[in-house]
Structure formats: structure tokens, C-alpha cells
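Accompanying notes for the structure given below.
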Amino acid sequence: GHDTTLASLTVGGSTRLLLGSGGLGTIGGLAIGADASVEGGGAVSGPVSNEGAIHVTPGHALTMNGELVNGGEIRVDAAATVRFAGGYAGSGFISGAGASLFEGGLRPGDSPTLMQVEGDMVLGDANETVLEIAGLARGTQYDALDVGGHLTLGGSLRIALLDGFQLAAGQSFLLFDAGLLDGGFADLLLPEIDGLTLAWGRDSHSLRLSVQAVPVPDMAWMFAAVALWMHRRRRP
């Protein structure tokens with residue numbers, strides 16, 4: 001139940017670091033090597049780089065208060081919860097049947113990637129999700145999320161175009177796919193492209209972004225409107 005603060009900490013080799021119910025804080029950061037693991041619950045403060053495994057065991061809750069870059073695995077067992085309060089990035093995956101709550105920002109991958117969450121996922125009201133689009137291939141040229149359990153949308157969604165990629169009418173991007181999807185984004189921060197509009201397609205399992213051409217006004221209607229305007233000008 002005690003809190004521990006260190007200048008920095010590296011967990012290397014095949015070391016298992018067991019967390020108690022207290023807090024572990026680092027100033028320079030916590031680095032978890034490829035064959036190492038951190039297990040348990042409690043709270044971790046300071047930046048974290050994970051190339052190994054973080055394991056939230058049954059009946060525990062783990063809060064990550066600093067920014068986490070996940071290049072390995074985070075396992076959240078059933079009846080366990082992980083809360084990302086300081087931001088989440090990286091191309092690693094989240095396994096297990098537990099719940100993952102994102103509150104401090106979500107940026108999947110260092111470049112477009114497919115983020116996979118096996119259990120439930122909640123995007124909190126204060127969270128900003130940033131998805132990048134650099135092409136049409138899901139998971140390699142644009143960010144996408146696959147959630148095995150229940151995905152609750154919330155907060156804001158920002159779409160960023162990379163590498164000079166240009167949107168065109170007829171393109172479609174399956175951004176979220178889940179066992180069950182609900183909720184919604186309070187704010188949408190989308191690129192503005194002349195002559196195009198962005199439309200959303202949604203069902204109980206997925207959310208898709210489509211690019212459509214802005215409808216051109218019917219020419220017959222335009223001529224009728226001009227004729228009516230001319231007629232009214234001629235009236236005494």
C-alpha cells in the first residue's frame with residue numbers, strides 16, 4: 001500500500017515486477033524490456049515504454065498516469081481494468097477479457113496501424129482519439145481499431161492526413177469494428193477538402209468514414225430560379 005518514487009526504472013531480462021496496491025512513480029520513466037513483465041494493479045506515474053508485457057491480474061485495477069508507448073502486450077484479465085489517464089500510443093496490442101479506459105489521448109501506432117483490443121474499450125469524455133490516413137489499406141495505410149468486446153465511443157475524434165494523401169470521392173475507411181459499438185464523439189475534427197464532404201456510416205458493430213462529392217445543384221432548378229428572378233425584376 002506504500003507509494004514508491006524513483007529517478008527511473010528499467011525492467012530487463014526475464015524479470016517480473018509485481019505491483020501492489022500503492023503507487024509506483026518515476027521521474028525519468030519506466031522501461032519494460034522485451035522479455036520482462038510488470039504485473040498487478042495500483043498506479044504508475046511517469047512515462048512508460050513497454051516492449052514486454054504489462055499484466056493486470058483478476059480483481060485488480062491499474063492506472064497509468066503518464067504517457068504510455070506500447071510496443072508489446074498489455075493483458076487485462078477478466079474482472080480487471082486498466083485506465084490510461086496520461087495518453088496511449090504505440091503498435092502493441094491489448095489482450096484479455098477485461099476493460100480498457102482511455103482518458104488522456106489515444107494515438108494508435110507510430111504510423112498507421114491496426115490497434116487490437118480483445119476485451120471491452122471505453123473512450124472517455126476527456127479523451128481525444130487521433131487517427132491517421134495515408135492511403136486506402138486498412139491497418140497499414142490508415143489507422144483502424146478492432147475491439148473484440150464492447151466499444152463505447154466518447155470524447156473527440158481527429159482525422160489527420162499524412163504524406164500528402166488526398167481524399168477523393170468514393171473512398172471509404174472502416175475506422176472502428178467491434179463486437180458491440182455504442183456512444184458517440186462529442187467533437188469531430190476533420191480535414192476540409194473543396195468539393196467533397198465526409199459522411200459517416202454506422203451500425204451496432206462498426207463506424208465507417210466515406211468521402212462523397214458535394215452534390216451539384218440541378219441545372220433545371222437553377223434556370224428556373226434565374227428566370228423567376230428576372231421576371232420579378234421586370235415587374236413595375
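By convention in this document, the chains of the C-alpha cells carry letters A, B, ... by their order, each chain's residues are numbered from 1, and ligands are numbered from 1 in the order they are shown.
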Surrounding residues of A:Gln171 excluding itself and chain neighbours under 6 positions, 12 Å, only C-alpha atoms, as a ChimeraX atom specification: /A:133,135-138,196-199,208-213
Could you take the residues named above and write them with all heavy atoms, as an mmCIF file, in the first residue's frame?
```
data_model
loop_
_atom_site.group_PDB
_atom_site.id
_atom_site.type_symbol
_atom_site.label_atom_id
_atom_site.label_comp_id
_atom_site.auth_asym_id
_atom_site.auth_seq_id
_atom_site.Cartn_x
_atom_site.Cartn_y
_atom_site.Cartn_z
ATOM 1 N N ILE A 133 -4.514 8.940 -41.757
ATOM 2 C CA ILE A 133 -4.847 8.338 -43.040
ATOM 3 C C ILE A 133 -3.774 8.717 -44.050
ATOM 4 O O ILE A 133 -3.521 9.897 -44.290
ATOM 5 C CB ILE A 133 -6.234 8.796 -43.531
ATOM 6 C CG1 ILE A 133 -7.324 8.328 -42.568
ATOM 7 C CG2 ILE A 133 -6.508 8.273 -44.935
ATOM 8 C CD1 ILE A 133 -8.725 8.783 -42.953
ATOM 9 N N GLY A 135 -3.492 6.392 -46.953
ATOM 10 C CA GLY A 135 -3.813 5.521 -48.072
ATOM 11 C C GLY A 135 -5.079 4.748 -47.792
ATOM 12 O O GLY A 135 -5.814 5.045 -46.839
ATOM 13 N N LEU A 136 -5.348 3.734 -48.610
ATOM 14 C CA LEU A 136 -6.622 3.023 -48.555
ATOM 15 C C LEU A 136 -6.544 1.661 -47.874
ATOM 16 O O LEU A 136 -7.576 1.024 -47.662
ATOM 17 C CB LEU A 136 -7.177 2.843 -49.974
ATOM 18 C CG LEU A 136 -7.442 4.136 -50.757
ATOM 19 C CD1 LEU A 136 -7.933 3.811 -52.152
ATOM 20 C CD2 LEU A 136 -8.450 5.016 -50.025
ATOM 21 N N ALA A 137 -5.360 1.194 -47.534
ATOM 22 C CA ALA A 137 -5.201 -0.133 -46.936
ATOM 23 C C ALA A 137 -5.389 -0.040 -45.423
ATOM 24 O O ALA A 137 -4.630 0.639 -44.732
ATOM 25 C CB ALA A 137 -3.830 -0.707 -47.268
ATOM 26 N N ARG A 138 -6.389 -0.762 -44.936
ATOM 27 C CA ARG A 138 -6.730 -0.707 -43.512
ATOM 28 C C ARG A 138 -5.623 -1.323 -42.663
ATOM 29 O O ARG A 138 -5.170 -2.434 -42.905
ATOM 30 C CB ARG A 138 -8.051 -1.445 -43.274
ATOM 31 C CG ARG A 138 -8.578 -1.329 -41.847
ATOM 32 C CD ARG A 138 -9.971 -1.957 -41.732
ATOM 33 N NE ARG A 138 -10.579 -1.622 -40.450
ATOM 34 C CZ ARG A 138 -10.608 -2.432 -39.397
ATOM 35 N NH1 ARG A 138 -10.051 -3.623 -39.500
ATOM 36 N NH2 ARG A 138 -11.176 -2.043 -38.266
ATOM 37 N N LEU A 196 -15.736 18.203 -51.632
ATOM 38 C CA LEU A 196 -16.001 16.901 -51.039
ATOM 39 C C LEU A 196 -16.663 17.071 -49.684
ATOM 40 O O LEU A 196 -16.512 18.089 -49.026
ATOM 41 C CB LEU A 196 -14.702 16.106 -50.861
ATOM 42 C CG LEU A 196 -13.904 15.758 -52.112
ATOM 43 C CD1 LEU A 196 -12.597 15.089 -51.736
ATOM 44 C CD2 LEU A 196 -14.718 14.864 -53.050
ATOM 45 N N THR A 197 -17.398 16.058 -49.296
ATOM 46 C CA THR A 197 -17.971 16.016 -47.947
ATOM 47 C C THR A 197 -17.687 14.653 -47.331
ATOM 48 O O THR A 197 -17.551 13.652 -48.044
ATOM 49 C CB THR A 197 -19.493 16.286 -47.996
ATOM 50 O OG1 THR A 197 -20.007 16.347 -46.670
ATOM 51 C CG2 THR A 197 -20.226 15.199 -48.754
ATOM 52 N N LEU A 198 -17.567 14.623 -46.022
ATOM 53 C CA LEU A 198 -17.292 13.383 -45.304
ATOM 54 C C LEU A 198 -18.568 12.905 -44.633
ATOM 55 O O LEU A 198 -19.245 13.668 -43.948
ATOM 56 C CB LEU A 198 -16.187 13.611 -44.264
ATOM 57 C CG LEU A 198 -14.838 14.070 -44.834
ATOM 58 C CD1 LEU A 198 -13.833 14.292 -43.709
ATOM 59 C CD2 LEU A 198 -14.296 13.066 -45.835
ATOM 60 N N ALA A 199 -18.899 11.658 -44.841
ATOM 61 C CA ALA A 199 -20.141 11.085 -44.312
ATOM 62 C C ALA A 199 -19.815 9.870 -43.455
ATOM 63 O O ALA A 199 -18.809 9.179 -43.660
ATOM 64 C CB ALA A 199 -21.073 10.678 -45.460
ATOM 65 N N ARG A 208 -17.778 3.750 -40.057
ATOM 66 C CA ARG A 208 -17.044 3.917 -41.306
ATOM 67 C C ARG A 208 -17.114 5.372 -41.765
ATOM 68 O O ARG A 208 -18.166 6.023 -41.659
ATOM 69 C CB ARG A 208 -17.634 3.001 -42.385
ATOM 70 C CG ARG A 208 -16.942 3.066 -43.729
ATOM 71 C CD ARG A 208 -17.667 2.183 -44.731
ATOM 72 N NE ARG A 208 -17.635 0.779 -44.349
ATOM 73 C CZ ARG A 208 -16.659 -0.060 -44.692
ATOM 74 N NH1 ARG A 208 -15.638 0.373 -45.424
ATOM 75 N NH2 ARG A 208 -16.713 -1.324 -44.321
ATOM 76 N N LEU A 209 -15.991 5.870 -42.280
ATOM 77 C CA LEU A 209 -15.925 7.221 -42.846
ATOM 78 C C LEU A 209 -15.860 7.103 -44.359
ATOM 79 O O LEU A 209 -15.008 6.390 -44.904
ATOM 80 C CB LEU A 209 -14.686 7.949 -42.324
ATOM 81 C CG LEU A 209 -14.420 9.355 -42.867
ATOM 82 C CD1 LEU A 209 -15.521 10.313 -42.433
ATOM 83 C CD2 LEU A 209 -13.053 9.857 -42.413
ATOM 84 N N SER A 210 -16.762 7.811 -45.050
ATOM 85 C CA SER A 210 -16.810 7.771 -46.512
ATOM 86 C C SER A 210 -16.652 9.178 -47.074
ATOM 87 O O SER A 210 -17.060 10.161 -46.450
ATOM 88 C CB SER A 210 -18.125 7.160 -47.003
ATOM 89 O OG SER A 210 -18.252 5.822 -46.543
ATOM 90 N N VAL A 211 -16.060 9.229 -48.265
ATOM 91 C CA VAL A 211 -15.839 10.509 -48.941
ATOM 92 C C VAL A 211 -16.824 10.612 -50.092
ATOM 93 O O VAL A 211 -16.911 9.712 -50.939
ATOM 94 C CB VAL A 211 -14.394 10.621 -49.459
ATOM 95 C CG1 VAL A 211 -14.140 12.017 -50.027
ATOM 96 C CG2 VAL A 211 -13.389 10.303 -48.350
ATOM 97 N N GLN A 212 -17.555 11.712 -50.133
ATOM 98 C CA GLN A 212 -18.569 11.904 -51.162
ATOM 99 C C GLN A 212 -18.381 13.263 -51.825
ATOM 100 O O GLN A 212 -17.880 14.205 -51.206
ATOM 101 C CB GLN A 212 -19.976 11.828 -50.554
ATOM 102 C CG GLN A 212 -20.283 10.504 -49.873
ATOM 103 C CD GLN A 212 -21.646 10.500 -49.203
ATOM 104 O OE1 GLN A 212 -22.340 11.517 -49.165
ATOM 105 N NE2 GLN A 212 -22.018 9.359 -48.650
ATOM 106 N N ALA A 213 -18.776 13.324 -53.088
ATOM 107 C CA ALA A 213 -18.743 14.605 -53.793
ATOM 108 C C ALA A 213 -19.891 15.475 -53.317
ATOM 109 O O ALA A 213 -20.977 14.982 -52.996
ATOM 110 C CB ALA A 213 -18.847 14.376 -55.299
#
```
Strand (DSSP E) residues, from DSSP on the backbone, in stretch 45-108 of chain A, as a count of residues only: 36
Polymer residues at most 12 Å from stretch 33-36 of chain A, only C-alpha atoms, same-chain spacing of 5 or more positions, as a PyMOL selection string: chain A and resi 9-18+48-55+70-73+92
Length of the atom CA of A:Leu151 to atom CA of A:Thr57 vector [Å]: 21.2 Å
Nearest to A:Thr140 by atom-to-atom distance, counting only C-alpha atoms, from A:Leu189, A:Ile159, A:Leu114, A:Val122: A:Leu114
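If only C-alpha atoms are the atoms counted, then among A:Ser111, A:Leu123, A:Thr129, A:Ala160 the closest residue to A:Gln141 is A:Ser111.
For stretch 1-226 of chain A, the set of residues given alpha helix (DSSP H) by DSSP on the backbone reads Met219, Ala220, Trp221, Met222, Phe223, Ala224, Ala225 and Val226 of chain A.
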Would you save the residues of that selection, restricted to N, CA and C atoms, as a PDB file, in the first residue's frame?
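Everything below was put into selection_16.pdb:
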```
ATOM      1  N   MET A 219     -29.517  21.586 -62.727  1.00  0.00           N
ATOM      2  CA  MET A 219     -29.444  22.707 -63.675  1.00  0.00           C
ATOM      3  C   MET A 219     -30.824  23.255 -64.015  1.00  0.00           C
ATOM      4  N   ALA A 220     -31.825  22.362 -64.131  1.00  0.00           N
ATOM      5  CA  ALA A 220     -33.167  22.855 -64.456  1.00  0.00           C
ATOM      6  C   ALA A 220     -33.672  23.756 -63.344  1.00  0.00           C
ATOM      7  N   TRP A 221     -33.411  23.372 -62.082  1.00  0.00           N
ATOM      8  CA  TRP A 221     -33.827  24.201 -60.944  1.00  0.00           C
ATOM      9  C   TRP A 221     -33.115  25.537 -60.982  1.00  0.00           C
ATOM     10  N   MET A 222     -31.832  25.536 -61.364  1.00  0.00           N
ATOM     11  CA  MET A 222     -31.081  26.791 -61.418  1.00  0.00           C
ATOM     12  C   MET A 222     -31.654  27.723 -62.482  1.00  0.00           C
ATOM     13  N   PHE A 223     -31.959  27.162 -63.666  1.00  0.00           N
ATOM     14  CA  PHE A 223     -32.525  28.004 -64.730  1.00  0.00           C
ATOM     15  C   PHE A 223     -33.878  28.564 -64.320  1.00  0.00           C
ATOM     16  N   ALA A 224     -34.693  27.739 -63.631  1.00  0.00           N
ATOM     17  CA  ALA A 224     -36.000  28.217 -63.178  1.00  0.00           C
ATOM     18  C   ALA A 224     -35.840  29.330 -62.155  1.00  0.00           C
ATOM     19  N   ALA A 225     -34.872  29.205 -61.270  1.00  0.00           N
ATOM     20  CA  ALA A 225     -34.651  30.234 -60.257  1.00  0.00           C
ATOM     21  C   ALA A 225     -34.199  31.529 -60.901  1.00  0.00           C
ATOM     22  N   VAL A 226     -33.309  31.438 -61.920  1.00  0.00           N
ATOM     23  CA  VAL A 226     -32.849  32.654 -62.621  1.00  0.00           C
ATOM     24  C   VAL A 226     -34.002  33.298 -63.376  1.00  0.00           C
TER      25      VAL A 226
END
```
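Nearest-residue note for A:Thr113: choosing from A:Leu175, A:Gly66, A:Leu167, A:His60, the minimum distance belongs to A:Leu175, counting only C-alpha atoms.
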Who sits within 7 Å of A:Phe102, only C-alpha atoms, same chain under 3 positions skipped, as a PyMOL selection string: chain A and resi 83-85+105-106+122-124+127
Residues as selected, all heavy atoms, written as a PDB file, in the first residue's frame, can you do that?
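Output (part.pdb):
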```
ATOM      1  N   ARG A  83      -6.641   1.772 -16.807  1.00  0.00           N
ATOM      2  CA  ARG A  83      -7.060   3.142 -17.129  1.00  0.00           C
ATOM      3  C   ARG A  83      -5.848   3.921 -17.601  1.00  0.00           C
ATOM      4  O   ARG A  83      -4.861   4.047 -16.885  1.00  0.00           O
ATOM      5  CB  ARG A  83      -7.673   3.801 -15.892  1.00  0.00           C
ATOM      6  CG  ARG A  83      -8.026   5.268 -16.037  1.00  0.00           C
ATOM      7  CD  ARG A  83      -8.764   5.757 -14.807  1.00  0.00           C
ATOM      8  NE  ARG A  83      -8.869   7.209 -14.773  1.00  0.00           N
ATOM      9  CZ  ARG A  83      -8.120   8.003 -14.008  1.00  0.00           C
ATOM     10  NH1 ARG A  83      -7.227   7.464 -13.167  1.00  0.00           N
ATOM     11  NH2 ARG A  83      -8.255   9.302 -14.055  1.00  0.00           N
ATOM     12  N   PHE A  84      -5.926   4.433 -18.823  1.00  0.00           N
ATOM     13  CA  PHE A  84      -4.841   5.225 -19.401  1.00  0.00           C
ATOM     14  C   PHE A  84      -5.199   6.703 -19.239  1.00  0.00           C
ATOM     15  O   PHE A  84      -5.945   7.268 -20.041  1.00  0.00           O
ATOM     16  CB  PHE A  84      -4.640   4.859 -20.866  1.00  0.00           C
ATOM     17  CG  PHE A  84      -4.333   3.404 -21.096  1.00  0.00           C
ATOM     18  CD1 PHE A  84      -5.317   2.544 -21.573  1.00  0.00           C
ATOM     19  CD2 PHE A  84      -3.082   2.888 -20.802  1.00  0.00           C
ATOM     20  CE1 PHE A  84      -5.052   1.201 -21.780  1.00  0.00           C
ATOM     21  CE2 PHE A  84      -2.812   1.544 -20.997  1.00  0.00           C
ATOM     22  CZ  PHE A  84      -3.792   0.694 -21.488  1.00  0.00           C
ATOM     23  N   ALA A  85      -4.663   7.311 -18.182  1.00  0.00           N
ATOM     24  CA  ALA A  85      -5.002   8.698 -17.876  1.00  0.00           C
ATOM     25  C   ALA A  85      -4.024   9.692 -18.489  1.00  0.00           C
ATOM     26  O   ALA A  85      -4.308  10.886 -18.557  1.00  0.00           O
ATOM     27  CB  ALA A  85      -5.048   8.901 -16.358  1.00  0.00           C
ATOM     28  N   GLY A 105      -5.868  10.614 -24.119  1.00  0.00           N
ATOM     29  CA  GLY A 105      -5.453  10.704 -25.514  1.00  0.00           C
ATOM     30  C   GLY A 105      -5.055   9.348 -26.054  1.00  0.00           C
ATOM     31  O   GLY A 105      -4.425   8.546 -25.371  1.00  0.00           O
ATOM     32  N   LEU A 106      -5.430   9.083 -27.314  1.00  0.00           N
ATOM     33  CA  LEU A 106      -5.142   7.805 -27.967  1.00  0.00           C
ATOM     34  C   LEU A 106      -4.612   8.071 -29.366  1.00  0.00           C
ATOM     35  O   LEU A 106      -5.276   8.706 -30.183  1.00  0.00           O
ATOM     36  CB  LEU A 106      -6.401   6.943 -28.027  1.00  0.00           C
ATOM     37  CG  LEU A 106      -6.338   5.678 -28.896  1.00  0.00           C
ATOM     38  CD1 LEU A 106      -5.239   4.739 -28.392  1.00  0.00           C
ATOM     39  CD2 LEU A 106      -7.686   4.977 -28.918  1.00  0.00           C
ATOM     40  N   VAL A 122     -13.345   1.678 -23.629  1.00  0.00           N
ATOM     41  CA  VAL A 122     -14.131   2.890 -23.421  1.00  0.00           C
ATOM     42  C   VAL A 122     -13.260   4.092 -23.750  1.00  0.00           C
ATOM     43  O   VAL A 122     -12.156   4.240 -23.206  1.00  0.00           O
ATOM     44  CB  VAL A 122     -14.638   3.002 -21.966  1.00  0.00           C
ATOM     45  CG1 VAL A 122     -15.388   4.315 -21.768  1.00  0.00           C
ATOM     46  CG2 VAL A 122     -15.524   1.820 -21.612  1.00  0.00           C
ATOM     47  N   LEU A 123     -13.741   4.962 -24.645  1.00  0.00           N
ATOM     48  CA  LEU A 123     -13.094   6.234 -24.929  1.00  0.00           C
ATOM     49  C   LEU A 123     -13.809   7.292 -24.094  1.00  0.00           C
ATOM     50  O   LEU A 123     -14.971   7.605 -24.345  1.00  0.00           O
ATOM     51  CB  LEU A 123     -13.179   6.564 -26.424  1.00  0.00           C
ATOM     52  CG  LEU A 123     -12.553   5.519 -27.360  1.00  0.00           C
ATOM     53  CD1 LEU A 123     -12.761   5.910 -28.814  1.00  0.00           C
ATOM     54  CD2 LEU A 123     -11.075   5.336 -27.061  1.00  0.00           C
ATOM     55  N   GLY A 124     -13.121   7.816 -23.076  1.00  0.00           N
ATOM     56  CA  GLY A 124     -13.745   8.707 -22.110  1.00  0.00           C
ATOM     57  C   GLY A 124     -14.082  10.072 -22.676  1.00  0.00           C
ATOM     58  O   GLY A 124     -13.630  10.465 -23.755  1.00  0.00           O
ATOM     59  N   ASN A 127     -11.156  12.294 -23.588  1.00  0.00           N
ATOM     60  CA  ASN A 127     -10.147  11.684 -24.465  1.00  0.00           C
ATOM     61  C   ASN A 127     -10.226  12.248 -25.878  1.00  0.00           C
ATOM     62  O   ASN A 127     -11.311  12.509 -26.403  1.00  0.00           O
ATOM     63  CB  ASN A 127     -10.358  10.171 -24.524  1.00  0.00           C
ATOM     64  CG  ASN A 127      -9.283   9.458 -25.298  1.00  0.00           C
ATOM     65  OD1 ASN A 127      -8.183   9.281 -24.798  1.00  0.00           O
ATOM     66  ND2 ASN A 127      -9.584   9.073 -26.523  1.00  0.00           N
TER      67      ASN A 127
END
```
